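Coordinates from entry26.txt are shown below (compact mmCIF, C-alpha atoms and all ligand atoms).
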```
# COMPACT_ATOMS: atom_id res chain seq x y z
CA MET Y 829 -18.93 14.46 37.35
CA LYS Y 830 -19.69 11.20 35.58
CA ILE Y 831 -17.23 9.25 33.42
CA ALA Y 832 -18.66 6.52 31.18
CA VAL Y 833 -16.64 3.64 29.74
CA LEU Y 834 -18.01 2.08 26.56
CA LYS Y 835 -17.86 -1.49 25.34
CA GLU Y 836 -16.11 -1.39 21.98
CA GLN Y 837 -18.33 -2.18 19.01
CA THR Y 838 -15.79 -2.42 16.18
CA ALA Y 839 -15.34 -6.00 14.97
CA GLY Y 840 -12.13 -7.54 16.31
CA GLU Y 841 -11.55 -4.83 18.92
CA ARG Y 842 -10.72 -6.55 22.22
CA ARG Y 843 -9.34 -3.59 24.17
CA VAL Y 844 -11.08 -1.43 26.73
CA ALA Y 845 -10.45 2.24 27.56
CA ALA Y 846 -10.42 1.93 31.37
CA THR Y 847 -9.28 -0.84 33.67
CA PRO Y 848 -10.19 -1.44 37.32
CA GLU Y 849 -6.86 0.25 38.13
CA THR Y 850 -7.75 3.52 36.38
CA ILE Y 851 -11.37 3.36 37.64
CA LYS Y 852 -10.00 3.37 41.19
CA LYS Y 853 -7.75 6.34 40.39
CA PHE Y 854 -10.59 8.36 38.83
CA ALA Y 855 -12.81 7.52 41.82
CA ALA Y 856 -10.08 8.79 44.14
CA LEU Y 857 -10.25 12.13 42.30
CA GLY Y 858 -13.96 12.32 43.10
CA ALA Y 859 -15.49 11.14 39.81
CA GLU Y 860 -18.51 8.88 39.46
CA LEU Y 861 -17.77 5.95 37.13
CA ALA Y 862 -20.13 3.93 34.94
CA VAL Y 863 -18.91 0.99 32.85
CA GLU Y 864 -20.95 -0.69 30.11
CA THR Y 865 -21.56 -4.31 31.06
CA GLY Y 866 -18.97 -6.65 29.55
CA ALA Y 867 -16.72 -3.78 28.39
CA GLY Y 868 -13.53 -5.38 29.71
CA GLU Y 869 -14.34 -9.02 29.12
CA THR Y 870 -12.01 -9.48 26.13
CA ALA Y 871 -9.18 -7.64 27.91
CA SER Y 872 -9.28 -9.85 31.03
CA CYS Y 873 -11.14 -7.22 33.09
CA ALA Y 874 -14.25 -8.75 34.65
CA ASP Y 875 -17.38 -6.75 35.47
CA ALA Y 876 -16.93 -7.74 39.12
CA ALA Y 877 -13.46 -6.15 39.18
CA TYR Y 878 -14.88 -2.85 37.89
CA ALA Y 879 -17.63 -2.96 40.52
CA GLU Y 880 -15.07 -3.64 43.23
CA ALA Y 881 -13.00 -0.68 41.97
CA GLY Y 882 -16.00 1.60 42.47
CA ALA Y 883 -17.87 1.66 39.13
CA THR Y 884 -21.53 0.95 38.50
CA LEU Y 885 -22.27 -1.34 35.56
CA GLY Y 886 -25.13 -0.88 33.15
CA SER Y 887 -26.41 -0.83 29.59
CA ARG Y 888 -24.99 1.60 27.03
CA ALA Y 889 -28.00 3.91 27.49
CA GLU Y 890 -27.57 3.81 31.26
CA VAL Y 891 -23.87 4.64 31.27
CA LEU Y 892 -24.27 7.41 28.65
CA ALA Y 893 -27.14 9.13 30.46
CA GLY Y 894 -25.78 12.23 32.15
CA ALA Y 895 -22.13 11.36 31.36
CA ASP Y 896 -19.75 14.34 31.26
CA ILE Y 897 -16.88 12.33 29.77
CA VAL Y 898 -17.11 9.19 27.63
CA LEU Y 899 -14.04 6.99 27.18
CA GLY Y 900 -13.47 4.64 24.26
CA VAL Y 901 -10.60 2.88 22.49
CA GLN Y 902 -11.93 3.53 18.98
CA GLY Y 903 -14.39 6.20 17.94
CA PRO Y 904 -17.95 4.97 18.59
CA SER Y 905 -20.44 5.24 15.75
CA PRO Y 906 -22.40 8.48 16.20
CA ASP Y 907 -25.73 6.54 16.13
CA SER Y 908 -24.63 4.63 19.21
CA LEU Y 909 -24.20 7.83 21.22
CA THR Y 910 -27.88 8.67 21.59
CA GLY Y 911 -28.32 10.05 25.06
CA MET Y 912 -24.89 11.65 25.24
CA GLY Y 913 -25.46 15.26 26.25
CA LYS Y 914 -24.36 18.31 24.25
CA GLY Y 915 -20.97 19.56 25.42
CA ALA Y 916 -19.98 16.16 26.88
CA TRP Y 917 -16.46 15.02 26.02
CA LEU Y 918 -15.59 11.96 23.96
CA VAL Y 919 -12.02 10.81 24.63
CA ALA Y 920 -10.78 8.01 22.35
CA GLY Y 921 -8.58 7.06 19.41
CA LEU Y 922 -10.83 8.67 16.79
CA ASN Y 923 -8.76 8.01 13.64
CA PRO Y 924 -9.52 11.58 12.50
CA PHE Y 925 -7.93 11.30 9.04
CA GLY Y 926 -9.41 7.86 8.29
CA GLU Y 927 -12.85 8.63 9.76
CA ARG Y 928 -13.12 12.28 8.77
CA GLU Y 929 -16.91 12.14 8.19
CA ARG Y 930 -17.47 10.84 11.68
CA ILE Y 931 -15.70 13.87 13.13
CA ASP Y 932 -18.28 16.09 11.36
CA GLN Y 933 -21.03 13.93 12.84
CA TYR Y 934 -19.61 14.31 16.37
CA ALA Y 935 -19.57 18.07 15.80
CA ALA Y 936 -23.20 17.96 14.65
CA LEU Y 937 -24.12 16.10 17.86
CA GLY Y 938 -22.57 18.93 19.88
CA ILE Y 939 -19.98 16.60 21.42
CA GLU Y 940 -16.50 17.86 22.29
CA ALA Y 941 -14.38 15.14 20.66
CA LEU Y 942 -10.75 14.64 21.73
CA ALA Y 943 -8.65 12.52 19.37
CA MET Y 944 -5.93 10.93 21.44
CA GLU Y 945 -3.72 10.07 18.45
CA PHE Y 946 -3.25 13.82 17.91
CA MET Y 947 -1.38 14.08 21.22
CA PRO Y 948 1.60 16.38 20.60
CA ARG Y 949 5.01 14.75 20.88
CA ILE Y 950 6.31 16.82 23.75
CA THR Y 951 7.90 15.60 26.95
CA ARG Y 952 4.89 16.61 29.10
CA ALA Y 953 2.58 14.47 26.97
CA GLN Y 954 4.70 11.33 26.74
CA SER Y 955 2.68 9.46 29.38
CA MET Y 956 -0.55 10.32 27.52
CA ASP Y 957 0.54 9.11 24.08
CA ILE Y 958 -1.60 6.20 22.86
CA LEU Y 959 0.36 5.86 19.61
CA SER Y 960 3.55 5.12 21.53
CA SER Y 961 2.05 2.77 24.08
CA GLN Y 962 0.17 0.74 21.48
CA SER Y 963 2.97 0.71 18.87
CA ASN Y 964 5.44 -0.54 21.41
CA LEU Y 965 3.46 -3.73 22.00
CA SER Y 966 2.67 -4.04 18.27
CA GLY Y 967 6.38 -4.12 17.51
CA TYR Y 968 6.83 -6.92 20.02
CA LYS Y 969 3.84 -8.88 18.74
CA ALA Y 970 4.93 -8.51 15.09
CA VAL Y 971 8.11 -10.44 15.87
CA LEU Y 972 6.19 -13.17 17.69
CA ASP Y 973 3.74 -13.40 14.77
CA ALA Y 974 6.67 -13.72 12.37
CA ALA Y 975 8.28 -16.40 14.55
CA ALA Y 976 5.01 -18.36 14.63
CA GLU Y 977 4.74 -18.35 10.81
CA TYR Y 978 8.45 -19.07 10.24
CA GLY Y 979 9.25 -22.74 9.83
CA ARG Y 980 12.68 -22.34 11.41
CA ALA Y 981 14.28 -21.18 14.64
CA PHE Y 982 15.40 -17.63 15.48
CA PRO Y 983 18.59 -18.23 17.48
CA MET Y 984 21.71 -20.01 16.32
CA MET Y 985 21.71 -23.48 17.86
CA MET Y 986 24.70 -25.75 18.08
CA THR Y 987 23.45 -29.28 18.48
CA ALA Y 988 25.02 -32.74 18.30
CA ALA Y 989 23.32 -33.15 14.92
CA GLY Y 990 24.78 -29.91 13.55
CA THR Y 991 24.26 -26.19 13.64
CA VAL Y 992 21.07 -24.27 13.01
CA SER Y 993 21.92 -20.77 11.81
CA ALA Y 994 20.38 -17.62 13.29
CA ALA Y 995 17.47 -16.00 11.48
CA ARG Y 996 18.18 -12.70 9.71
CA VAL Y 997 15.60 -10.09 10.59
CA PHE Y 998 15.27 -6.74 8.79
CA VAL Y 999 13.15 -4.00 10.38
CA MET Y 1000 11.95 -1.21 8.07
CA GLY Y 1001 10.79 1.91 9.90
CA VAL Y 1002 12.42 2.46 13.26
CA GLY Y 1003 9.86 4.42 15.27
CA VAL Y 1004 8.39 3.09 18.48
CA ALA Y 1005 7.17 -0.21 16.95
CA GLY Y 1006 10.37 -0.74 14.97
CA LEU Y 1007 12.63 -0.22 17.98
CA GLN Y 1008 10.65 -2.75 20.00
CA ALA Y 1009 10.72 -5.17 17.06
CA ILE Y 1010 14.52 -4.88 16.94
CA ALA Y 1011 14.81 -5.46 20.69
CA THR Y 1012 12.45 -8.45 20.62
CA ALA Y 1013 14.13 -10.09 17.62
CA ARG Y 1014 17.53 -9.61 19.30
CA ARG Y 1015 16.22 -11.21 22.51
CA LEU Y 1016 15.12 -14.22 20.45
CA GLY Y 1017 18.65 -14.51 19.10
CA ALA Y 1018 18.20 -13.22 15.54
CA GLN Y 1019 20.76 -11.24 13.54
CA VAL Y 1020 19.03 -7.91 13.10
CA SER Y 1021 19.40 -5.01 10.67
CA ALA Y 1022 17.14 -1.98 10.29
CA THR Y 1023 16.48 1.09 8.18
CA ASP Y 1024 14.62 4.42 8.40
CA VAL Y 1025 14.52 7.76 6.63
CA ARG Y 1026 15.23 9.74 9.82
CA ALA Y 1027 18.95 10.06 10.50
CA ALA Y 1028 18.52 10.04 14.29
CA THR Y 1029 17.44 6.40 14.23
CA LYS Y 1030 20.87 5.19 13.10
CA GLU Y 1031 22.32 5.54 16.58
CA GLN Y 1032 19.20 4.01 18.15
CA ILE Y 1033 19.54 0.96 15.90
CA GLN Y 1034 23.18 0.56 16.87
CA SER Y 1035 22.46 0.97 20.56
CA LEU Y 1036 20.17 -2.08 20.35
CA GLY Y 1037 22.94 -4.15 18.77
CA ALA Y 1038 21.48 -4.14 15.26
CA LYS Y 1039 23.05 -3.07 11.97
CA PRO Y 1040 21.84 0.17 10.33
CA ILE Y 1041 21.17 -0.08 6.57
CA PHE Y 1042 20.85 3.48 5.25
CA VAL Y 1043 20.63 5.31 1.94
CA GLU Y 1044 23.87 7.29 1.89
CA GLU Y 1045 23.90 8.97 -1.52
CA VAL Y 1046 20.66 10.98 -1.04
CA LYS Y 1047 19.94 12.92 2.15
CA GLY Y 1048 17.09 11.57 4.30
CA ILE Y 1049 15.32 13.46 7.08
CA GLU Y 1050 17.75 15.20 9.41
CA GLY Y 1051 17.69 14.31 13.09
CA GLU Y 1052 14.37 13.17 14.54
CA GLY Y 1053 12.19 14.87 11.90
CA THR Y 1054 9.40 17.27 12.96
CA GLY Y 1055 7.66 15.77 15.99
CA GLY Y 1056 9.45 12.49 15.30
CA TYR Y 1057 7.40 12.04 12.13
CA ALA Y 1058 8.55 11.27 8.61
CA THR Y 1059 7.30 12.99 5.45
CA GLU Y 1060 6.94 11.69 1.91
CA MET Y 1061 10.42 11.30 0.38
CA SER Y 1062 11.65 12.63 -2.99
CA GLU Y 1063 11.60 10.41 -6.09
CA GLU Y 1064 15.41 10.40 -6.00
CA TYR Y 1065 15.43 9.12 -2.42
CA LYS Y 1066 12.79 6.48 -3.19
CA LYS Y 1067 14.87 5.17 -6.10
CA ALA Y 1068 18.01 4.93 -3.97
CA GLN Y 1069 16.05 3.25 -1.18
CA ALA Y 1070 14.55 0.70 -3.59
CA GLU Y 1071 18.05 -0.22 -4.82
CA LEU Y 1072 19.33 -0.57 -1.27
CA VAL Y 1073 16.37 -2.73 -0.23
CA SER Y 1074 16.72 -4.94 -3.32
CA SER Y 1075 20.29 -5.82 -2.52
CA HIS Y 1076 19.60 -6.46 1.19
CA ILE Y 1077 16.24 -8.17 1.20
CA ALA Y 1078 17.22 -11.29 -0.76
CA LYS Y 1079 19.42 -12.33 2.18
CA GLN Y 1080 16.73 -11.87 4.85
CA ASP Y 1081 14.49 -14.48 6.48
CA ILE Y 1082 12.10 -12.13 8.26
CA VAL Y 1083 11.11 -8.55 7.40
CA ILE Y 1084 9.01 -6.38 9.73
CA THR Y 1085 7.69 -3.20 8.11
CA THR Y 1086 6.31 -0.36 10.26
CA ALA Y 1087 6.73 2.77 8.09
CA LEU Y 1088 4.01 5.39 8.39
CA ILE Y 1089 3.50 9.00 7.35
CA PRO Y 1090 0.79 10.82 9.32
CA GLY Y 1091 -2.28 11.68 7.23
CA ARG Y 1092 -0.93 9.92 4.12
CA PRO Y 1093 -0.98 6.37 2.79
CA ALA Y 1094 1.90 4.24 4.08
CA PRO Y 1095 4.99 4.41 1.83
CA ARG Y 1096 5.51 1.38 -0.45
CA LEU Y 1097 8.80 -0.19 0.59
CA ILE Y 1098 8.73 -3.67 -0.95
CA SER Y 1099 7.55 -4.37 -4.50
CA ASP Y 1100 6.37 -7.69 -5.88
CA ALA Y 1101 9.63 -7.98 -7.86
CA GLN Y 1102 11.68 -7.56 -4.67
CA LEU Y 1103 9.49 -10.11 -2.91
CA ALA Y 1104 10.31 -12.60 -5.66
CA THR Y 1105 14.02 -12.40 -4.78
CA MET Y 1106 13.44 -13.54 -1.20
CA LYS Y 1107 14.06 -17.11 -0.06
CA PRO Y 1108 11.03 -19.44 0.03
CA GLY Y 1109 9.84 -19.78 3.62
CA SER Y 1110 10.67 -16.17 4.46
CA VAL Y 1111 8.08 -14.16 6.36
CA ILE Y 1112 7.09 -10.49 6.13
CA VAL Y 1113 4.91 -8.81 8.75
CA ASP Y 1114 3.38 -5.57 7.43
CA LEU Y 1115 2.30 -3.48 10.42
CA ALA Y 1116 1.23 -0.67 8.07
CA VAL Y 1117 -1.25 -2.90 6.21
CA GLU Y 1118 -4.32 -0.97 7.40
CA GLN Y 1119 -2.83 2.32 6.15
CA GLY Y 1120 -2.36 0.90 2.64
CA GLY Y 1121 0.62 -1.36 3.37
CA ASN Y 1122 4.38 -1.10 2.97
CA VAL Y 1123 4.43 -4.35 1.00
CA GLU Y 1124 2.86 -4.94 -2.40
CA GLY Y 1125 0.32 -7.75 -2.12
CA ALA Y 1126 -0.22 -7.51 1.65
CA VAL Y 1127 -3.89 -7.96 2.54
CA ALA Y 1128 -5.41 -6.49 5.71
CA GLY Y 1129 -6.71 -9.24 7.96
CA GLU Y 1130 -4.98 -12.06 6.08
CA VAL Y 1131 -1.81 -14.11 5.84
CA VAL Y 1132 -1.08 -14.53 2.12
CA GLU Y 1133 1.70 -16.39 0.36
CA LYS Y 1134 3.47 -14.93 -2.70
CA HIS Y 1135 6.57 -16.33 -4.37
CA GLY Y 1136 6.86 -18.73 -1.41
CA VAL Y 1137 6.99 -15.80 1.04
CA LYS Y 1138 4.30 -15.41 3.71
CA ILE Y 1139 2.98 -11.86 4.13
CA VAL Y 1140 1.28 -11.38 7.47
CA GLY Y 1141 -1.29 -8.54 7.50
CA HIS Y 1142 -3.10 -8.79 10.81
CA ARG Y 1143 -5.50 -5.95 11.52
CA ASN Y 1144 -5.42 -4.10 14.82
CA VAL Y 1145 -2.28 -5.73 16.20
CA PRO Y 1146 -2.55 -3.98 19.61
CA SER Y 1147 -5.87 -5.78 20.11
CA ARG Y 1148 -3.96 -9.10 19.91
CA LEU Y 1149 -2.43 -8.29 23.31
CA ALA Y 1150 -5.58 -6.73 24.70
CA ALA Y 1151 -4.87 -7.07 28.43
CA ASP Y 1152 -1.53 -5.25 28.28
CA THR Y 1153 -2.44 -2.73 25.60
CA SER Y 1154 -5.66 -1.86 27.47
CA ALA Y 1155 -3.73 -1.33 30.70
CA LEU Y 1156 -1.40 1.14 28.95
CA PHE Y 1157 -4.16 2.81 26.92
CA ALA Y 1158 -6.25 3.28 30.08
CA ARG Y 1159 -3.28 4.85 31.87
CA ASN Y 1160 -2.71 7.19 28.90
CA LEU Y 1161 -6.30 8.43 29.23
CA TYR Y 1162 -6.02 8.74 33.01
CA ASN Y 1163 -2.71 10.63 32.75
CA PHE Y 1164 -4.29 13.00 30.22
CA LEU Y 1165 -7.48 13.79 32.16
CA SER Y 1166 -5.86 13.90 35.60
CA ALA Y 1167 -3.21 16.37 34.35
CA PHE Y 1168 -6.03 18.91 33.87
CA TRP Y 1169 -7.98 18.00 37.02
CA ASP Y 1170 -9.36 20.93 38.94
CA ALA Y 1171 -9.74 19.81 42.57
CA GLU Y 1172 -12.43 22.38 43.33
CA ALA Y 1173 -14.56 21.70 40.25
CA LYS Y 1174 -13.87 17.94 40.72
CA ARG Y 1175 -13.40 17.57 36.97
CA PRO Y 1176 -10.78 18.31 34.33
CA VAL Y 1177 -10.78 21.88 33.05
CA PHE Y 1178 -9.08 22.66 29.74
CA PRO Y 1179 -7.21 25.95 29.26
CA ASP Y 1180 -7.95 26.86 25.62
CA ASP Y 1181 -4.38 27.96 24.98
CA ASP Y 1182 -2.77 24.70 26.16
CA GLU Y 1183 -0.69 22.90 23.50
CA ILE Y 1184 -2.06 19.50 24.47
CA VAL Y 1185 -5.69 20.67 24.42
CA GLN Y 1186 -5.22 22.38 21.07
CA GLY Y 1187 -3.52 19.23 19.73
CA VAL Y 1188 -6.21 16.71 20.62
CA ARG Y 1189 -9.43 18.75 20.51
CA VAL Y 1190 -11.13 18.07 17.17
CA THR Y 1191 -14.69 19.36 17.74
CA LYS Y 1192 -16.22 21.96 20.04
CA ASP Y 1193 -19.50 23.91 20.12
CA GLY Y 1194 -20.84 22.15 17.03
CA LYS Y 1195 -17.76 22.78 14.87
CA VAL Y 1196 -14.61 20.97 13.73
CA VAL Y 1197 -11.86 23.05 15.34
CA ASN Y 1198 -8.58 21.20 14.77
CA GLU Y 1199 -6.20 22.85 12.32
CA ARG Y 1200 -4.84 19.48 11.13
CA LEU Y 1201 -8.35 18.69 9.86
CA LEU Y 1202 -9.15 22.15 8.54
CA GLY Y 1203 -5.87 22.88 6.74
P1 LIG F 1 5.46 6.43 12.87
O1 LIG F 1 4.59 5.33 13.37
O2 LIG F 1 4.82 7.64 12.32
O3 LIG F 1 6.39 5.81 11.72
C1 LIG F 1 7.17 4.67 11.93
C2 LIG F 1 8.55 4.86 11.39
O4 LIG F 1 8.54 4.74 9.96
C3 LIG F 1 9.18 6.22 11.68
O5 LIG F 1 10.41 6.04 12.36
C4 LIG F 1 9.37 6.85 10.31
O6 LIG F 1 10.52 7.68 10.25
C5 LIG F 1 9.53 5.60 9.45
N1 LIG F 1 9.34 5.84 8.01
C6 LIG F 1 8.43 6.62 7.37
N2 LIG F 1 8.59 6.57 6.04
C7 LIG F 1 9.61 5.69 5.81
C8 LIG F 1 10.25 5.22 4.63
N3 LIG F 1 9.87 5.62 3.42
N4 LIG F 1 11.27 4.34 4.76
C9 LIG F 1 11.67 3.94 5.99
N5 LIG F 1 11.13 4.35 7.14
C10 LIG F 1 10.10 5.22 7.06
O7 LIG F 1 6.52 6.84 13.97
P2 LIG F 1 6.43 6.63 15.55
O8 LIG F 1 6.81 5.26 15.88
O9 LIG F 1 5.09 7.05 16.01
O10 LIG F 1 7.50 7.64 16.18
C11 LIG F 1 8.55 8.22 15.52
C12 LIG F 1 9.45 8.98 16.51
O11 LIG F 1 8.74 9.87 17.37
C13 LIG F 1 10.26 8.09 17.40
O12 LIG F 1 11.60 8.48 17.29
C14 LIG F 1 9.77 8.35 18.78
O13 LIG F 1 10.78 8.25 19.75
C15 LIG F 1 9.26 9.76 18.68
N6 LIG F 1 8.19 9.97 19.68
C16 LIG F 1 8.31 10.98 20.59
C17 LIG F 1 7.32 11.18 21.54
C18 LIG F 1 7.41 12.26 22.57
O14 LIG F 1 8.42 12.91 22.68
N7 LIG F 1 6.35 12.50 23.35
C19 LIG F 1 6.19 10.37 21.54
C20 LIG F 1 6.07 9.38 20.57
C21 LIG F 1 7.10 9.18 19.65
```
Can I see the file as structure tokens?
Amino acid sequence: MKIAVLKEQTAGERRVAATPETIKKFAALGAELAVETGAGETASCADAAYAEAGATLGSRAEVLAGADIVLGVQGPSPDSLTGMGKGAWLVAGLNPFGERERIDQYAALGIEALAMEFMPRITRAQSMDILSSQSNLSGYKAVLDAAAEYGRAFPMMMTAAGTVSAARVFVMGVGVAGLQAIATARRLGAQVSATDVRAATKEQIQSLGAKPIFVEEVKGIEGEGTGGYATEMSEEYKKAQAELVSSHIAKQDIVITTALIPGRPAPRLISDAQLATMKPGSVIVDLAVEQGGNVEGAVAGEVVEKHGVKIVGHRNVPSRLAADTSALFARNLYNFLSAFWDAEAKRPVFPDDDEIVQGVRVTKDGKVVNERLLG
């Protein structure tokens, strides 16, 4: 049973889907490992470390030849998979909604594609969830990126020359990234407030020592929401939220936005008119910029300035911490495949009726099979 690890080809992608640590673990299960030369270079994993862990290194064609399972961070372009056998598995973050055509192409190639971002949000799958592991570090990095762009300090400082007041940080969208952003901003000494549409997050915000700012007059999403996910809100809710944000945002120094709705464009949370009420020198980091952006005027891949406010729109934020995000991503993939390992067959075997398998499997036997893509 051969597992191949690809070097990422997407511009700006620095992560890698397996580390020497997970190579060793797969080898201990009896797998043969092949890593594309230079695959881990940008994530601080040297070729020599992979070789020492038990992998052979080679060209893309060499690692793909005869591979049963191919691991990637992002979905590889179908043209680059020449040599991958029919029925072989592709395990990666495939961005199935954003790259829908590619999923059809994988099906046409006869590949069994497994989209790791479709991992169901159940306790058993927590250690396999790439969205959580990557968002966590994105939330942390968003605060550091904001601090780097902000021309002032985060903590209150009492000095002989006078007092520097603490930065006010507002986090919009309190999922995995938002919670980590709150915790990081608190650690840096900021005064933090946060908002979400899911009622369950109120207590989580408070438990991190931040202030919840919630729409009270219109009902949001009760509890956690289905699978922890939000849905598009009613016009009435959006209006109430816009009013609430308008009154709060003018007093903030830093805003971190993380709001997402699966399969839909990111909700617009800050308009240009609201931006204009913010203090000059304020900074907004829009983590949803690649899904359309929470902030009007945010540009993917750029830091722009509007009304004296910097809007940070870095692409692929997890890639900015590639060593750590790769380590977690690689463990997610290992935890997933090893959970289905059949010791006798010396490979993972998927029961067709398993909730996890049904969640992540997007193509099989030449067809797109996932109900989230067919519905
Ligand atoms: P996400 O990335 O889909 O969205 C980020 C946040 O934005 C969410 O909290 C969402 O409610 C919020 N949001 C959406 N629209 C908004 C709007 N208009 N205004 C304000 N906020 C808005 O979410 P996520 O970070 O992937 O996770 C959400 C939840 O799922 C978390 O509570 C997390 O604990 C849970 N979760 C559970 C598991 C598991 O049990 N295996 C795994 C991962 C996440």
Requested in this report: Would you work out the distance separating atom CA of Y:Pro1093 from atom CA of Y:Gln1119, expressed in Å to one decimal?
Outcome: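 Those two atoms sit 5.6 Å apart.
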Requested in this report: Select the residues contacting ligand LIG 1 (chain F) at a distance of at most 7 Å, based on only C-alpha atoms and all ligand atoms, then format the selection as an NGL selection string.
Outcome: :Y and (948-951 or 953-954 or 957 or 959-960 or 963 or 1000-1006 or 1023-1026 or 1029 or 1052 or 1055-1061 or 1086-1090 or 1095 or 1097)
For C-alpha atoms, I'd like the residues from the last selection saved as a compact mmCIF listing (two decimals), keeping the file's coordinate frame.
```
# COMPACT_ATOMS: atom_id res chain seq x y z
CA PRO Y 948 1.60 16.38 20.60
CA ARG Y 949 5.01 14.75 20.88
CA ILE Y 950 6.31 16.82 23.75
CA THR Y 951 7.90 15.60 26.95
CA ALA Y 953 2.58 14.47 26.97
CA GLN Y 954 4.70 11.33 26.74
CA ASP Y 957 0.54 9.11 24.08
CA LEU Y 959 0.36 5.86 19.61
CA SER Y 960 3.55 5.12 21.53
CA SER Y 963 2.97 0.71 18.87
CA MET Y 1000 11.95 -1.21 8.07
CA GLY Y 1001 10.79 1.91 9.90
CA VAL Y 1002 12.42 2.46 13.26
CA GLY Y 1003 9.86 4.42 15.27
CA VAL Y 1004 8.39 3.09 18.48
CA ALA Y 1005 7.17 -0.21 16.95
CA GLY Y 1006 10.37 -0.74 14.97
CA THR Y 1023 16.48 1.09 8.18
CA ASP Y 1024 14.62 4.42 8.40
CA VAL Y 1025 14.52 7.76 6.63
CA ARG Y 1026 15.23 9.74 9.82
CA THR Y 1029 17.44 6.40 14.23
CA GLU Y 1052 14.37 13.17 14.54
CA GLY Y 1055 7.66 15.77 15.99
CA GLY Y 1056 9.45 12.49 15.30
CA TYR Y 1057 7.40 12.04 12.13
CA ALA Y 1058 8.55 11.27 8.61
CA THR Y 1059 7.30 12.99 5.45
CA GLU Y 1060 6.94 11.69 1.91
CA MET Y 1061 10.42 11.30 0.38
CA THR Y 1086 6.31 -0.36 10.26
CA ALA Y 1087 6.73 2.77 8.09
CA LEU Y 1088 4.01 5.39 8.39
CA ILE Y 1089 3.50 9.00 7.35
CA PRO Y 1090 0.79 10.82 9.32
CA PRO Y 1095 4.99 4.41 1.83
CA LEU Y 1097 8.80 -0.19 0.59
```
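The residue that comes closest to Y:Pro1176, out of Y:Val1111, Y:Gly886, Y:Gly903, Y:Asn1163 and on the basis of all atoms listed in the file, is Y:Asn1163.
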Report summary line: Y:Thr847 proximity check over Y:Glu880, Y:Asp1181, Y:Glu860, Y:Glu1118, using all atoms listed in the file: winner is Y:Glu880
Query - Counting all atoms listed in the file, the option among Y:Gly915, Y:Gly868, Y:Gly894, Y:Gly1141 closest to Y:Ala970 - result: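 Smallest separation from Y:Ala970 among the options: Y:Gly1141.
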Query raised in the report: Taking only C-alpha atoms into account, which of Y:Ser1099, Y:Ser955, Y:Ser908, Y:Gln933 comes nearest Y:Leu1161?
Result: Y:Ser955
Report task. Can you work out the spacing between atom CA of Y:Ala832 and atom CA of Y:Ala862 in Å, to one decimal? Result ->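 Separating atom CA of Y:Ala832 from atom CA of Y:Ala862 is a distance of 4.8 Å.
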Query raised in the report: atom CA of Y:Asn1122 to atom CA of Y:Ile1084: how many Å, to one decimal?
Result: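 Spanning atom CA of Y:Asn1122 to atom CA of Y:Ile1084 is a straight-line distance of 9.7 Å.
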Report task. Please check which residues have atoms at most 8 Å from (-0.7, -0.9, 26.2) in the file's coordinates, counting only C-alpha atoms, and write them as a ChimeraX atom specification. Result -> /Y:958,961-962,964-965,1146,1150-1158
